[in-house]
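Below is one structure; the comments refer to it alone.
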Amino acid sequence: RRVTRMALCGVLVGLATMVKGPLALAFFFAVALPWCASTGSMRLLCGAPGAAALATLLAVAVPWPLALTARLSIEETLAVLRATALTTREAGPLHYLLNLPGQLMPWTILAPALLLAVVRGARDWRDKPALRFIALWFSALFLVLHVSSAKHSRYLLPAFAPLALGFVALVIDPRTRGPARLDGDTLRWRDGALAFAFRALRIAGIGAVVATPVVAWRLPQAALPVALAGALIFRGATLGRAALAVAPLRAATLFGLVTLVGFGLYDAGRLVQLRARSGLDVARAAFAPLRAGDAGVLLSDDERARIISRVLAGRALPVATDANGALDTLRRAGVATGFVIVRSDAAEEVMVAAARPALQRVEIRLDRESFTLLEFATR
């Protein structure tokens, strides 16, 4: 069974390596080596189970780089890697510590209780292997992330898994799967944090219901979801508060569900705002003739621009490297009118080369990209 499990572990680490490269291996060994050394189970890595894991890891992760080097040659592959900016986001040494509380919301309220449980559990580590592993897992990943020069809030995601298990361990004992056996101080911190959260959620639910008329006035289609979400949040928080003393697991589950509703509603509102600001609807409307089959040319040698045009037009458009080439492509297509898609800073160049006004000119902004869609008569 150990060989089978380690082989599966190798597959998962291989997939992670395909996604994140050597960093995935660093994460794995930063946790596995100290744990196996401290528990006297190095044979898992050095014996038959470790060999099985290594074999499956190589089977998953090696074929792609081999195929890449076979196609581009080793010299060209290394040149591409050297030219690629792998570290694109940098931040100060306290970046992750400052961002962790916000990233963990709403479970941040249980962080003091978890920290207290880990500190108190250090007195009898041998009797609490699950808590010891969770602490090692998080500490190792957090250290690797801090050592790396590349820092971004989403890079914290791998460290959330041990924290999530730690929060579960505040409610469920990992060994017996019954209620967690916590000392009095940790128990008071846990229950006090949840009780405070349930009170705050009840107020938030009432506030959402009371604010429904204002929402209906500003955004009518959102009034009903806001009212229903407020009622669900209030009811769930009330049930959770009542269950806290007799059924902590049920209370924690209700807390998760209630906050899921609240944060889901908030994220949905943010998504609507981002979509409105992104210009996606305007871009789709502008590209509608191209999706219907009208002739079009993309004047850009940028791969990002090609991807955007393929998504919006529904097909790969011919590519031209200069304005005259784009207009010649439209003329050869034998159509009465055609479209030229160009970055906005080069639109005037196309207008000068065409020596005629555009029948239509649409400015398109997508996130940080700015394009101009020009329609010309070709005859």
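Residue numbering restarts at 1 for every chain of the structure tokens, chains are lettered A, B, ... in their displayed order, and ligands are numbered from 1 as they appear.
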How would you write, as a ChimeraX atom specification, the set of residues in segment 118-358 of chain A that DSSP gives as helix (DSSP H, G or I)?
/A:118-127,129-147,153-169,184-210,212-218,220-243,248-278,280-286,288-291,303-313,323-332,344-354
Would you write out, as JSON lines, a table of all residues in segment 178-223 of chain A that have an atom no more than 12 Å from an atom of segment 93-112 of chain A, listing for each the closest atom pair and the distance in Å to one decimal, considering only C-alpha atoms and ordering rows by chain and rising residue number?
```
{"residue": "A:Asp185", "atom": "CA", "partner": "A:Pro112", "partner_atom": "CA", "distance": 10.8}
{"residue": "A:Thr186", "atom": "CA", "partner": "A:Pro112", "partner_atom": "CA", "distance": 8.6}
{"residue": "A:Leu187", "atom": "CA", "partner": "A:Leu110", "partner_atom": "CA", "distance": 10.8}
{"residue": "A:Arg188", "atom": "CA", "partner": "A:Pro112", "partner_atom": "CA", "distance": 10.9}
{"residue": "A:Trp189", "atom": "CA", "partner": "A:Pro112", "partner_atom": "CA", "distance": 7.2}
{"residue": "A:Arg190", "atom": "CA", "partner": "A:Leu110", "partner_atom": "CA", "distance": 6.2}
{"residue": "A:Asp191", "atom": "CA", "partner": "A:Leu110", "partner_atom": "CA", "distance": 9.1}
{"residue": "A:Gly192", "atom": "CA", "partner": "A:Leu110", "partner_atom": "CA", "distance": 9.4}
{"residue": "A:Ala193", "atom": "CA", "partner": "A:Ile109", "partner_atom": "CA", "distance": 5.8}
{"residue": "A:Leu194", "atom": "CA", "partner": "A:Ile109", "partner_atom": "CA", "distance": 7.6}
{"residue": "A:Ala195", "atom": "CA", "partner": "A:Ile109", "partner_atom": "CA", "distance": 10.4}
{"residue": "A:Phe196", "atom": "CA", "partner": "A:Ile109", "partner_atom": "CA", "distance": 9.0}
{"residue": "A:Ala197", "atom": "CA", "partner": "A:Ile109", "partner_atom": "CA", "distance": 7.8}
{"residue": "A:Phe198", "atom": "CA", "partner": "A:Ile109", "partner_atom": "CA", "distance": 11.3}
{"residue": "A:Ala200", "atom": "CA", "partner": "A:Pro106", "partner_atom": "CA", "distance": 11.6}
{"residue": "A:Leu201", "atom": "CA", "partner": "A:Pro106", "partner_atom": "CA", "distance": 10.9}
```
For atom CA of Phe28 of chain A and atom CA of Val13 of chain A, quote the distance in Å rounded to one decimal.
7.4 Å
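When only C-alpha atoms are used to measure the gap to Ala7 of chain A, the shortest distance among A:Leu145, A:Leu66, A:Ala26, A:Ala51 belongs to A:Ala51.
Counting from atom CA of Thr56 of chain A, the distance to atom CA of Leu15 of chain A is 10.2 Å.
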Within 9 Å of Arg181 of chain A using only C-alpha atoms, minus same-chain residues under 2 positions, as a PDB file with N, CA and C atoms, in the first residue's frame:
```pdb
ATOM      1  N   LEU A 170      -9.251  22.264  14.867  1.00  0.00           N
ATOM      2  CA  LEU A 170      -9.817  22.961  16.028  1.00  0.00           C
ATOM      3  C   LEU A 170     -11.215  22.450  16.370  1.00  0.00           C
ATOM      4  N   VAL A 171     -11.809  21.699  15.447  1.00  0.00           N
ATOM      5  CA  VAL A 171     -13.171  21.200  15.644  1.00  0.00           C
ATOM      6  C   VAL A 171     -13.204  19.681  15.721  1.00  0.00           C
ATOM      7  N   ILE A 172     -12.404  19.024  14.882  1.00  0.00           N
ATOM      8  CA  ILE A 172     -12.392  17.559  14.802  1.00  0.00           C
ATOM      9  C   ILE A 172     -11.006  17.052  15.172  1.00  0.00           C
ATOM     10  N   ASP A 173     -10.937  16.080  16.061  1.00  0.00           N
ATOM     11  CA  ASP A 173      -9.668  15.470  16.425  1.00  0.00           C
ATOM     12  C   ASP A 173      -9.169  14.610  15.259  1.00  0.00           C
ATOM     13  N   GLY A 178     -13.405  12.446  16.374  1.00  0.00           N
ATOM     14  CA  GLY A 178     -14.451  12.958  17.245  1.00  0.00           C
ATOM     15  C   GLY A 178     -14.208  14.430  17.529  1.00  0.00           C
ATOM     16  N   PRO A 179     -14.891  14.980  18.521  1.00  0.00           N
ATOM     17  CA  PRO A 179     -14.670  16.385  18.875  1.00  0.00           C
ATOM     18  C   PRO A 179     -13.216  16.641  19.250  1.00  0.00           C
ATOM     19  N   ASP A 183      -7.375  22.437  25.098  1.00  0.00           N
ATOM     20  CA  ASP A 183      -7.299  22.946  26.468  1.00  0.00           C
ATOM     21  C   ASP A 183      -8.270  24.115  26.626  1.00  0.00           C
ATOM     22  N   LEU A 187     -10.005  26.514  23.676  1.00  0.00           N
ATOM     23  CA  LEU A 187     -11.443  26.353  23.470  1.00  0.00           C
ATOM     24  C   LEU A 187     -12.167  27.691  23.601  1.00  0.00           C
TER      25      LEU A 187
END
```
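Among A:Gly205, A:Pro162, A:Pro213, A:Gly40, the residue with the shortest atom-to-atom distance to Leu228 of chain A, counting only C-alpha atoms, is A:Gly205.
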Set the distance at 10 Å and use only C-alpha atoms: which residues neighbour Ala231 of chain A once local chain neighbours fewer than 2 positions away are removed? I'd like the list as an MDAnalysis selection string.
chainID A and resid 202 204:209 225:229 233:237
Residue subset to file, keeping N, CA, C and O atoms, as an mmCIF file, in the first residue's frame:
```cif
data_model
loop_
_atom_site.group_PDB
_atom_site.id
_atom_site.type_symbol
_atom_site.label_atom_id
_atom_site.label_comp_id
_atom_site.auth_asym_id
_atom_site.auth_seq_id
_atom_site.Cartn_x
_atom_site.Cartn_y
_atom_site.Cartn_z
ATOM 1 N N ARG A 202 -25.044 38.266 11.823
ATOM 2 C CA ARG A 202 -26.471 38.597 12.012
ATOM 3 C C ARG A 202 -26.721 40.068 11.705
ATOM 4 O O ARG A 202 -27.700 40.426 11.034
ATOM 5 N N ALA A 204 -24.886 41.901 9.714
ATOM 6 C CA ALA A 204 -24.712 42.058 8.271
ATOM 7 C C ALA A 204 -25.946 41.588 7.512
ATOM 8 O O ALA A 204 -26.360 42.210 6.521
ATOM 9 N N GLY A 205 -26.553 40.477 7.964
ATOM 10 C CA GLY A 205 -27.767 39.984 7.313
ATOM 11 C C GLY A 205 -28.910 40.973 7.428
ATOM 12 O O GLY A 205 -29.624 41.232 6.442
ATOM 13 N N ILE A 206 -29.077 41.540 8.616
ATOM 14 C CA ILE A 206 -30.125 42.545 8.811
ATOM 15 C C ILE A 206 -29.838 43.764 7.928
ATOM 16 O O ILE A 206 -30.736 44.318 7.281
ATOM 17 N N GLY A 207 -28.560 44.163 7.874
ATOM 18 C CA GLY A 207 -28.198 45.307 7.059
ATOM 19 C C GLY A 207 -28.480 45.090 5.585
ATOM 20 O O GLY A 207 -28.935 46.003 4.884
ATOM 21 N N ALA A 208 -28.239 43.861 5.095
ATOM 22 C CA ALA A 208 -28.504 43.568 3.691
ATOM 23 C C ALA A 208 -29.995 43.659 3.383
ATOM 24 O O ALA A 208 -30.400 44.194 2.342
ATOM 25 N N VAL A 209 -30.827 43.146 4.284
ATOM 26 C CA VAL A 209 -32.275 43.213 4.074
ATOM 27 C C VAL A 209 -32.760 44.661 4.123
ATOM 28 O O VAL A 209 -33.564 45.102 3.288
ATOM 29 N N PRO A 225 -31.605 39.094 -5.093
ATOM 30 C CA PRO A 225 -30.477 38.314 -4.556
ATOM 31 C C PRO A 225 -29.939 38.881 -3.243
ATOM 32 O O PRO A 225 -29.587 38.121 -2.337
ATOM 33 N N VAL A 226 -29.873 40.207 -3.122
ATOM 34 C CA VAL A 226 -29.354 40.810 -1.890
ATOM 35 C C VAL A 226 -30.288 40.508 -0.716
ATOM 36 O O VAL A 226 -29.828 40.157 0.386
ATOM 37 N N ALA A 227 -31.592 40.621 -0.933
ATOM 38 C CA ALA A 227 -32.546 40.339 0.135
ATOM 39 C C ALA A 227 -32.488 38.879 0.565
ATOM 40 O O ALA A 227 -32.477 38.564 1.765
ATOM 41 N N LEU A 228 -32.449 37.958 -0.396
ATOM 42 C CA LEU A 228 -32.380 36.527 -0.069
ATOM 43 C C LEU A 228 -31.074 36.198 0.649
ATOM 44 O O LEU A 228 -31.071 35.437 1.630
ATOM 45 N N ALA A 229 -29.967 36.763 0.149
ATOM 46 C CA ALA A 229 -28.680 36.501 0.796
ATOM 47 C C ALA A 229 -28.682 37.030 2.231
ATOM 48 O O ALA A 229 -28.184 36.366 3.148
ATOM 49 N N ILE A 233 -28.073 34.716 5.457
ATOM 50 C CA ILE A 233 -26.970 34.998 6.371
ATOM 51 C C ILE A 233 -27.483 35.143 7.803
ATOM 52 O O ILE A 233 -26.908 34.592 8.749
ATOM 53 N N PHE A 234 -28.581 35.872 7.967
ATOM 54 C CA PHE A 234 -29.139 36.056 9.311
ATOM 55 C C PHE A 234 -29.589 34.734 9.907
ATOM 56 O O PHE A 234 -29.285 34.421 11.061
ATOM 57 N N ARG A 235 -30.309 33.927 9.111
ATOM 58 C CA ARG A 235 -30.809 32.652 9.629
ATOM 59 C C ARG A 235 -29.672 31.692 9.937
ATOM 60 O O ARG A 235 -29.654 31.041 10.992
ATOM 61 N N GLY A 236 -28.693 31.605 9.043
ATOM 62 C CA GLY A 236 -27.564 30.710 9.273
ATOM 63 C C GLY A 236 -26.750 31.111 10.485
ATOM 64 O O GLY A 236 -26.318 30.258 11.270
ATOM 65 N N ALA A 237 -26.547 32.426 10.665
ATOM 66 C CA ALA A 237 -25.792 32.897 11.831
ATOM 67 C C ALA A 237 -26.543 32.616 13.120
ATOM 68 O O ALA A 237 -25.940 32.266 14.147
#
```
The distance between atom CA of Ala242 of chain A and atom CA of Ala113 of chain A is 20.5 Å
List the spatial neighbours of segment 343-359 of chain A as a PyMOL selection string - criterion: any atom at most 7 Å away, only C-alpha atoms, same-chain residues fewer than 5 positions off excluded.
chain A and resi 323-324+370-372+374-376
For the selection just defined, write its residues with all heavy atoms to a file, as a tab-separated table (two decimals), in the first residue's frame.
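So the final result, stored in part14.tsv, reads:
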```
chain	number	residue	atom	x	y	z
A	323	ALA	N	0.51	48.63	-42.68
A	323	ALA	CA	-0.81	49.10	-43.09
A	323	ALA	C	-1.12	48.76	-44.54
A	323	ALA	O	-2.23	48.33	-44.86
A	323	ALA	CB	-0.88	50.62	-42.87
A	324	ASN	N	-0.15	48.95	-45.44
A	324	ASN	CA	-0.40	48.64	-46.86
A	324	ASN	C	-0.69	47.16	-47.05
A	324	ASN	O	-1.56	46.78	-47.85
A	324	ASN	CB	0.81	49.06	-47.71
A	324	ASN	CG	0.94	50.58	-47.79
A	324	ASN	OD1	-0.06	51.28	-47.89
A	324	ASN	ND2	2.17	51.08	-47.73
A	370	SER	N	-5.50	48.22	-25.69
A	370	SER	CA	-6.33	49.18	-26.40
A	370	SER	C	-6.20	48.93	-27.89
A	370	SER	O	-5.09	48.97	-28.45
A	370	SER	CB	-5.91	50.62	-26.06
A	370	SER	OG	-6.71	51.54	-26.76
A	371	PHE	N	-7.34	48.63	-28.56
A	371	PHE	CA	-7.36	48.34	-29.99
A	371	PHE	C	-8.33	49.28	-30.70
A	371	PHE	O	-9.24	49.85	-30.08
A	371	PHE	CB	-7.81	46.90	-30.25
A	371	PHE	CG	-6.88	45.85	-29.68
A	371	PHE	CD1	-7.13	45.32	-28.42
A	371	PHE	CD2	-5.78	45.42	-30.39
A	371	PHE	CE1	-6.28	44.37	-27.90
A	371	PHE	CE2	-4.94	44.48	-29.86
A	371	PHE	CZ	-5.18	43.93	-28.61
A	372	THR	N	-8.12	49.43	-31.98
A	372	THR	CA	-9.05	50.19	-32.82
A	372	THR	C	-9.49	49.30	-33.98
A	372	THR	O	-8.66	48.67	-34.64
A	372	THR	CB	-8.39	51.46	-33.38
A	372	THR	OG1	-7.98	52.28	-32.29
A	372	THR	CG2	-9.37	52.25	-34.24
A	374	LEU	N	-11.17	49.34	-37.55
A	374	LEU	CA	-11.46	50.26	-38.66
A	374	LEU	C	-12.12	49.51	-39.79
A	374	LEU	O	-11.65	48.42	-40.18
A	374	LEU	CB	-10.15	50.89	-39.15
A	374	LEU	CG	-9.34	51.70	-38.12
A	374	LEU	CD1	-7.95	52.01	-38.66
A	374	LEU	CD2	-10.08	52.98	-37.77
A	375	GLU	N	-13.18	50.06	-40.33
A	375	GLU	CA	-13.85	49.46	-41.49
A	375	GLU	C	-13.62	50.35	-42.70
A	375	GLU	O	-13.87	51.56	-42.65
A	375	GLU	CB	-15.35	49.31	-41.24
A	375	GLU	CG	-16.08	48.62	-42.39
A	375	GLU	CD	-17.56	48.48	-42.15
A	375	GLU	OE1	-18.07	49.09	-41.19
A	375	GLU	OE2	-18.23	47.76	-42.93
A	376	PHE	N	-13.13	49.73	-43.78
A	376	PHE	CA	-12.82	50.47	-45.01
A	376	PHE	C	-13.59	49.89	-46.19
A	376	PHE	O	-13.86	48.67	-46.24
A	376	PHE	CB	-11.32	50.41	-45.33
A	376	PHE	CG	-10.46	51.17	-44.38
A	376	PHE	CD1	-9.73	50.51	-43.41
A	376	PHE	CD2	-10.36	52.55	-44.44
A	376	PHE	CE1	-8.90	51.18	-42.52
A	376	PHE	CE2	-9.56	53.24	-43.56
A	376	PHE	CZ	-8.84	52.57	-42.61
```
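The list of residues with at least one atom within 12 Å of Ala320 of chain A, based on only C-alpha atoms and without residues fewer than 3 positions apart in the same chain, reads A:Gly296, A:Val297, A:Leu298, A:Leu299, A:Ser300, A:Asp301, A:Asp302, A:Arg306, A:Leu317, A:Ala323, A:Asn324, A:Gly325, A:Ala326, A:Leu327, A:Asp328, A:Thr329, A:Leu330, A:Val340, A:Ile341, A:Val342, A:Val350.
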Counting only C-alpha atoms, closest pick from A:Leu23, A:Val3, A:Ala16, A:Leu8 relative to Ala48 of chain A is A:Val3
DSSP-assigned strand (DSSP E) among segment 87-307 of chain A, expressed as a VMD selection string:
chain A and resid 296 to 299
